[in-house]
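The structure file run10.tsv is reproduced below (TSV, N, CA and C atoms).
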```tsv
chain	number	residue	atom	x	y	z
A	1044	MET	N	221.51	-127.12	117.87
A	1044	MET	CA	221.38	-125.70	117.65
A	1044	MET	C	221.18	-125.44	116.16
A	1045	ALA	N	220.14	-124.73	115.84
A	1045	ALA	CA	219.81	-124.46	114.44
A	1045	ALA	C	220.42	-123.14	114.00
A	1046	ILE	N	220.88	-123.14	112.77
A	1046	ILE	CA	221.42	-121.91	112.18
A	1046	ILE	C	220.47	-121.48	111.08
A	1047	PHE	N	220.01	-120.23	111.14
A	1047	PHE	CA	219.08	-119.72	110.16
A	1047	PHE	C	219.79	-118.76	109.22
A	1048	ARG	N	219.45	-118.85	107.98
A	1048	ARG	CA	220.01	-117.94	106.98
A	1048	ARG	C	219.02	-116.82	106.72
A	1049	GLY	N	219.54	-115.70	106.30
A	1049	GLY	CA	218.69	-114.55	105.99
A	1049	GLY	C	217.80	-114.79	104.79
A	1050	THR	N	218.32	-115.41	103.75
A	1050	THR	CA	217.54	-115.70	102.56
A	1050	THR	C	217.74	-117.16	102.18
A	1051	PRO	N	216.71	-117.79	101.65
A	1051	PRO	CA	216.87	-119.19	101.25
A	1051	PRO	C	217.80	-119.30	100.05
A	1052	ALA	N	218.51	-120.40	99.97
A	1052	ALA	CA	219.42	-120.63	98.84
A	1052	ALA	C	218.60	-120.85	97.57
A	1053	LYS	N	219.03	-120.20	96.50
A	1053	LYS	CA	218.33	-120.36	95.23
A	1053	LYS	C	218.82	-121.63	94.54
A	1054	LYS	N	217.89	-122.29	93.85
A	1054	LYS	CA	218.25	-123.50	93.13
A	1054	LYS	C	218.99	-123.13	91.86
A	1055	LYS	N	219.94	-123.95	91.50
A	1055	LYS	CA	220.74	-123.72	90.31
A	1055	LYS	C	219.93	-124.07	89.07
A	1056	LYS	N	220.01	-123.23	88.05
A	1056	LYS	CA	219.30	-123.49	86.79
A	1056	LYS	C	220.01	-124.59	86.02
A	1057	THR	N	219.23	-125.49	85.46
A	1057	THR	CA	219.76	-126.55	84.62
A	1057	THR	C	219.12	-126.48	83.25
A	1058	LYS	N	219.49	-127.38	82.36
A	1058	LYS	CA	218.89	-127.41	81.03
A	1058	LYS	C	217.39	-127.67	81.09
A	1059	LYS	N	216.95	-128.42	82.10
A	1059	LYS	CA	215.54	-128.78	82.22
A	1059	LYS	C	214.74	-127.78	83.05
A	1060	SER	N	215.40	-126.77	83.58
A	1060	SER	CA	214.70	-125.76	84.38
A	1060	SER	C	213.71	-125.01	83.51
A	1061	ILE	N	212.56	-124.72	84.08
A	1061	ILE	CA	211.55	-123.97	83.34
A	1061	ILE	C	211.75	-122.49	83.57
A	1062	GLU	N	211.33	-121.70	82.61
A	1062	GLU	CA	211.45	-120.26	82.71
A	1062	GLU	C	210.10	-119.62	82.48
A	1063	TRP	N	209.89	-118.47	83.09
A	1063	TRP	CA	208.65	-117.72	82.93
A	1063	TRP	C	208.65	-117.05	81.57
A	1064	ASN	N	207.53	-117.14	80.85
A	1064	ASN	CA	207.39	-116.48	79.55
A	1064	ASN	C	206.14	-115.62	79.57
A	1065	ASP	N	206.31	-114.34	79.24
A	1065	ASP	CA	205.16	-113.46	79.13
A	1065	ASP	C	204.52	-113.63	77.76
A	1066	SER	N	203.20	-113.52	77.71
A	1066	SER	CA	202.50	-113.67	76.44
A	1066	SER	C	202.00	-112.32	75.95
A	1067	ASP	N	201.49	-112.31	74.73
A	1067	ASP	CA	200.94	-111.08	74.17
A	1067	ASP	C	199.46	-110.91	74.53
A	1068	ALA	N	198.93	-111.85	75.31
A	1068	ALA	CA	197.52	-111.78	75.74
A	1068	ALA	C	197.36	-110.67	76.78
A	1069	PRO	N	196.13	-110.18	76.95
A	1069	PRO	CA	195.90	-109.12	77.95
A	1069	PRO	C	196.29	-109.57	79.36
A	1070	ASP	N	196.75	-108.62	80.15
A	1070	ASP	CA	197.15	-108.91	81.52
A	1070	ASP	C	195.94	-109.31	82.34
A	1071	ALA	N	196.09	-110.36	83.12
A	1071	ALA	CA	194.97	-110.90	83.91
A	1071	ALA	C	194.63	-110.02	85.11
A	1072	LYS	N	195.58	-109.29	85.63
A	1072	LYS	CA	195.37	-108.39	86.77
A	1072	LYS	C	194.63	-109.06	87.92
A	1073	GLY	N	195.09	-110.25	88.32
A	1073	GLY	CA	194.52	-110.95	89.46
A	1073	GLY	C	193.32	-111.83	89.17
A	1074	LYS	N	192.91	-111.92	87.91
A	1074	LYS	CA	191.73	-112.71	87.57
A	1074	LYS	C	191.94	-114.21	87.83
A	1075	PHE	N	193.15	-114.71	87.66
A	1075	PHE	CA	193.41	-116.13	87.88
A	1075	PHE	C	193.09	-116.52	89.32
A	1076	LYS	N	193.36	-115.63	90.25
A	1076	LYS	CA	193.11	-115.93	91.67
A	1076	LYS	C	191.67	-115.61	92.07
A	1077	SER	N	191.11	-114.54	91.54
A	1077	SER	CA	189.81	-114.07	92.04
A	1077	SER	C	188.60	-114.74	91.39
A	1078	LEU	N	188.69	-115.13	90.13
A	1078	LEU	CA	187.54	-115.70	89.43
A	1078	LEU	C	187.35	-117.18	89.76
A	1079	SER	N	186.13	-117.63	89.65
A	1079	SER	CA	185.84	-119.06	89.81
A	1079	SER	C	186.38	-119.79	88.58
A	1080	PRO	N	186.59	-121.11	88.65
A	1080	PRO	CA	187.10	-121.84	87.50
A	1080	PRO	C	186.25	-121.64	86.23
A	1081	SER	N	184.93	-121.66	86.36
A	1081	SER	CA	184.05	-121.50	85.22
A	1081	SER	C	184.18	-120.10	84.61
A	1082	SER	N	184.20	-119.08	85.45
A	1082	SER	CA	184.33	-117.70	84.98
A	1082	SER	C	185.70	-117.46	84.37
A	1083	LEU	N	186.73	-118.04	84.95
A	1083	LEU	CA	188.08	-117.90	84.42
A	1083	LEU	C	188.18	-118.56	83.05
A	1084	ALA	N	187.55	-119.72	82.89
A	1084	ALA	CA	187.55	-120.40	81.60
A	1084	ALA	C	186.88	-119.52	80.54
A	1085	SER	N	185.76	-118.92	80.88
A	1085	SER	CA	185.06	-118.04	79.94
A	1085	SER	C	185.92	-116.84	79.56
A	1086	TRP	N	186.57	-116.23	80.55
A	1086	TRP	CA	187.41	-115.07	80.30
A	1086	TRP	C	188.60	-115.43	79.41
A	1087	LEU	N	189.22	-116.58	79.67
A	1087	LEU	CA	190.36	-117.02	78.87
A	1087	LEU	C	189.96	-117.29	77.42
A	1088	ILE	N	188.82	-117.94	77.22
A	1088	ILE	CA	188.35	-118.23	75.86
A	1088	ILE	C	188.08	-116.93	75.11
A	1089	LYS	N	187.50	-115.96	75.80
A	1089	LYS	CA	187.19	-114.68	75.16
A	1089	LYS	C	188.47	-113.90	74.83
A	1090	THR	N	189.39	-113.78	75.77
A	1090	THR	CA	190.58	-112.96	75.57
A	1090	THR	C	191.62	-113.62	74.68
A	1091	ARG	N	191.64	-114.93	74.64
A	1091	ARG	CA	192.60	-115.65	73.78
A	1091	ARG	C	191.96	-116.10	72.48
A	1092	LYS	N	190.77	-115.59	72.21
A	1092	LYS	CA	190.03	-115.84	70.96
A	1092	LYS	C	189.88	-117.33	70.64
A	1093	GLY	N	189.66	-118.13	71.68
A	1093	GLY	CA	189.42	-119.56	71.50
A	1093	GLY	C	190.63	-120.37	71.11
A	1094	ASN	N	191.83	-119.79	71.18
A	1094	ASN	CA	193.06	-120.50	70.82
A	1094	ASN	C	193.44	-121.43	71.97
A	1095	LEU	N	193.15	-122.71	71.79
A	1095	LEU	CA	193.34	-123.69	72.86
A	1095	LEU	C	194.79	-123.75	73.32
A	1096	SER	N	195.74	-123.71	72.41
A	1096	SER	CA	197.15	-123.83	72.83
A	1096	SER	C	197.59	-122.65	73.69
A	1097	LYS	N	197.12	-121.44	73.38
A	1097	LYS	CA	197.46	-120.27	74.20
A	1097	LYS	C	196.84	-120.40	75.60
A	1098	ILE	N	195.61	-120.84	75.64
A	1098	ILE	CA	194.91	-120.97	76.92
A	1098	ILE	C	195.58	-122.03	77.80
A	1099	ILE	N	195.82	-123.20	77.23
A	1099	ILE	CA	196.42	-124.29	77.99
A	1099	ILE	C	197.84	-123.93	78.41
A	1100	SER	N	198.57	-123.22	77.55
A	1100	SER	CA	199.93	-122.80	77.90
A	1100	SER	C	199.93	-121.88	79.10
A	1101	SER	N	199.04	-120.91	79.12
A	1101	SER	CA	199.01	-119.98	80.25
A	1101	SER	C	198.57	-120.69	81.54
A	1102	LEU	N	197.63	-121.60	81.43
A	1102	LEU	CA	197.19	-122.34	82.61
A	1102	LEU	C	198.27	-123.30	83.10
A	1103	ASN	N	198.95	-123.94	82.15
A	1103	ASN	CA	200.01	-124.87	82.51
A	1103	ASN	C	201.16	-124.14	83.20
A	1104	GLN	N	201.47	-122.93	82.73
A	1104	GLN	CA	202.51	-122.14	83.36
A	1104	GLN	C	202.13	-121.80	84.80
A	1105	GLN	N	200.89	-121.42	85.02
A	1105	GLN	CA	200.42	-121.15	86.38
A	1105	GLN	C	200.50	-122.41	87.24
A	1106	TYR	N	200.13	-123.55	86.66
A	1106	TYR	CA	200.16	-124.82	87.38
A	1106	TYR	C	201.58	-125.17	87.81
A	1107	VAL	N	202.51	-125.13	86.86
A	1107	VAL	CA	203.89	-125.55	87.13
A	1107	VAL	C	204.55	-124.66	88.17
A	1108	PHE	N	204.35	-123.35	88.07
A	1108	PHE	CA	205.01	-122.44	88.99
A	1108	PHE	C	204.37	-122.41	90.38
A	1109	ASN	N	203.21	-123.01	90.55
A	1109	ASN	CA	202.53	-122.96	91.85
A	1109	ASN	C	202.25	-124.31	92.47
A	1110	ARG	N	202.59	-125.41	91.81
A	1110	ARG	CA	202.21	-126.73	92.31
A	1110	ARG	C	202.87	-127.10	93.64
A	1111	GLN	N	204.04	-126.56	93.93
A	1111	GLN	CA	204.71	-126.88	95.20
A	1111	GLN	C	204.23	-126.00	96.34
A	1112	LYS	N	204.15	-124.69	96.10
A	1112	LYS	CA	203.80	-123.75	97.17
A	1112	LYS	C	202.31	-123.62	97.40
A	1113	LYS	N	201.51	-123.71	96.34
A	1113	LYS	CA	200.06	-123.53	96.45
A	1113	LYS	C	199.33	-124.65	95.72
A	1114	PRO	N	199.27	-125.85	96.30
A	1114	PRO	CA	198.65	-126.98	95.62
A	1114	PRO	C	197.17	-126.77	95.29
A	1115	SER	N	196.44	-126.04	96.13
A	1115	SER	CA	195.02	-125.83	95.85
A	1115	SER	C	194.85	-124.93	94.62
A	1116	TYR	N	195.72	-123.95	94.47
A	1116	TYR	CA	195.69	-123.06	93.30
A	1116	TYR	C	196.05	-123.86	92.05
A	1117	ALA	N	197.02	-124.76	92.16
A	1117	ALA	CA	197.41	-125.60	91.02
A	1117	ALA	C	196.26	-126.51	90.61
A	1118	ARG	N	195.53	-127.06	91.58
A	1118	ARG	CA	194.37	-127.90	91.25
A	1118	ARG	C	193.30	-127.09	90.54
A	1119	LYS	N	193.13	-125.84	90.94
A	1119	LYS	CA	192.16	-124.95	90.28
A	1119	LYS	C	192.54	-124.76	88.82
A	1120	MET	N	193.84	-124.60	88.53
A	1120	MET	CA	194.29	-124.43	87.14
A	1120	MET	C	194.00	-125.68	86.32
A	1121	LYS	N	194.18	-126.87	86.91
A	1121	LYS	CA	193.86	-128.13	86.22
A	1121	LYS	C	192.36	-128.20	85.93
A	1122	THR	N	191.54	-127.77	86.88
A	1122	THR	CA	190.09	-127.76	86.70
A	1122	THR	C	189.71	-126.84	85.55
A	1123	VAL	N	190.31	-125.66	85.51
A	1123	VAL	CA	190.03	-124.71	84.44
A	1123	VAL	C	190.44	-125.30	83.09
A	1124	MET	N	191.59	-126.00	83.05
A	1124	MET	CA	192.03	-126.65	81.80
A	1124	MET	C	190.98	-127.62	81.29
A	1125	ASN	N	190.45	-128.42	82.20
A	1125	ASN	CA	189.44	-129.40	81.81
A	1125	ASN	C	188.16	-128.73	81.32
A	1126	ILE	N	187.75	-127.64	81.96
A	1126	ILE	CA	186.55	-126.90	81.54
A	1126	ILE	C	186.76	-126.31	80.14
A	1127	VAL	N	187.93	-125.72	79.91
A	1127	VAL	CA	188.23	-125.12	78.60
A	1127	VAL	C	188.23	-126.19	77.51
A	1128	ARG	N	188.87	-127.32	77.78
A	1128	ARG	CA	188.90	-128.41	76.79
A	1128	ARG	C	187.49	-128.88	76.46
A	1129	LYS	N	186.66	-128.99	77.48
A	1129	LYS	CA	185.28	-129.45	77.28
A	1129	LYS	C	184.49	-128.44	76.44
A	1130	ARG	N	184.63	-127.15	76.76
A	1130	ARG	CA	183.89	-126.11	76.03
A	1130	ARG	C	184.36	-125.98	74.59
A	1131	LEU	N	185.65	-126.20	74.36
A	1131	LEU	CA	186.17	-126.08	72.99
A	1131	LEU	C	186.11	-127.40	72.23
A	1132	GLY	N	185.56	-128.43	72.89
A	1132	GLY	CA	185.35	-129.70	72.21
A	1132	GLY	C	186.60	-130.53	72.02
A	1133	LYS	N	187.59	-130.36	72.89
A	1133	LYS	CA	188.82	-131.13	72.80
A	1133	LYS	C	188.88	-132.10	73.97
A	1134	LYS	N	189.29	-133.33	73.69
A	1134	LYS	CA	189.44	-134.29	74.76
A	1134	LYS	C	190.81	-134.15	75.38
A	1135	LYS	N	190.91	-134.52	76.66
A	1135	LYS	CA	192.17	-134.43	77.38
A	1135	LYS	C	193.17	-135.42	76.79
A	1136	ASP	N	194.39	-134.93	76.51
A	1136	ASP	CA	195.44	-135.80	75.99
A	1136	ASP	C	196.02	-136.62	77.13
A	1137	LYS	N	196.30	-137.87	76.84
A	1137	LYS	CA	196.91	-138.74	77.86
A	1137	LYS	C	198.23	-139.22	77.39
```
Could you express the structure from this file as structure tokens?
Amino acid sequence: MAIFRGTPAKKKKTKKSIEWNDSDAPDAKGKFKSLSPSSLASWLIKTRKGNLSKIISSLNQQYVFNRQKKPSYARKMKTVMNIVRKRLGKKKDK
């Protein structure tokens, strides 16, 4: 016999837990989900004024917070990261 709870148990925060950080960049208003990877890369470069660290940080945040629940969305963020690095002339760090 299964017992169901009304709400799922929340995970306890630890020192290594990640936290959401809002940036001073313009609000995307759904652009991360609606735009194609190429269009999203162009929009990010334009709105973040070519600042690679700001762009990668915002994409990485989307990746980390969605990799478990929405793996296809997380893969899209990785694709956009690679496009941005290529357009800005930076090689992927390993």
Item to check | Computed interatomic separation between atom N of Lys1121 of chain A and atom C of Leu1078 of chain A (Å) | outcome: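 The value is 12.2 Å.
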Item to check | Residues near segment 1096-1104 of chain A, cut-off 10 Å, only C-alpha atoms, skip fewer than 2 positions along chain, as number ranges by chain | outcome: A: 1061-1068, 1075, 1084, 1087-1088, 1090-1094, 1106-1109, 1117, 1119-1125, 1127-1128
Put a box with edges along x, y and z around all the listed atoms of segment 1098-1110 of chain A, pad it by 4 Å on each side, then give me its centre and sizes in Å, one decimal, as lines of an AutoDock Vina configuration file.
```
center_x = 200.0
center_y = -123.5
center_z = 84.6
size_x = 18.1
size_y = 15.1
size_z = 26.0
```
Checklist entry - Interatomic distance between atom CA of Ser1115 of chain A and atom CA of Ser1085 of chain A? => result 20.3 Å
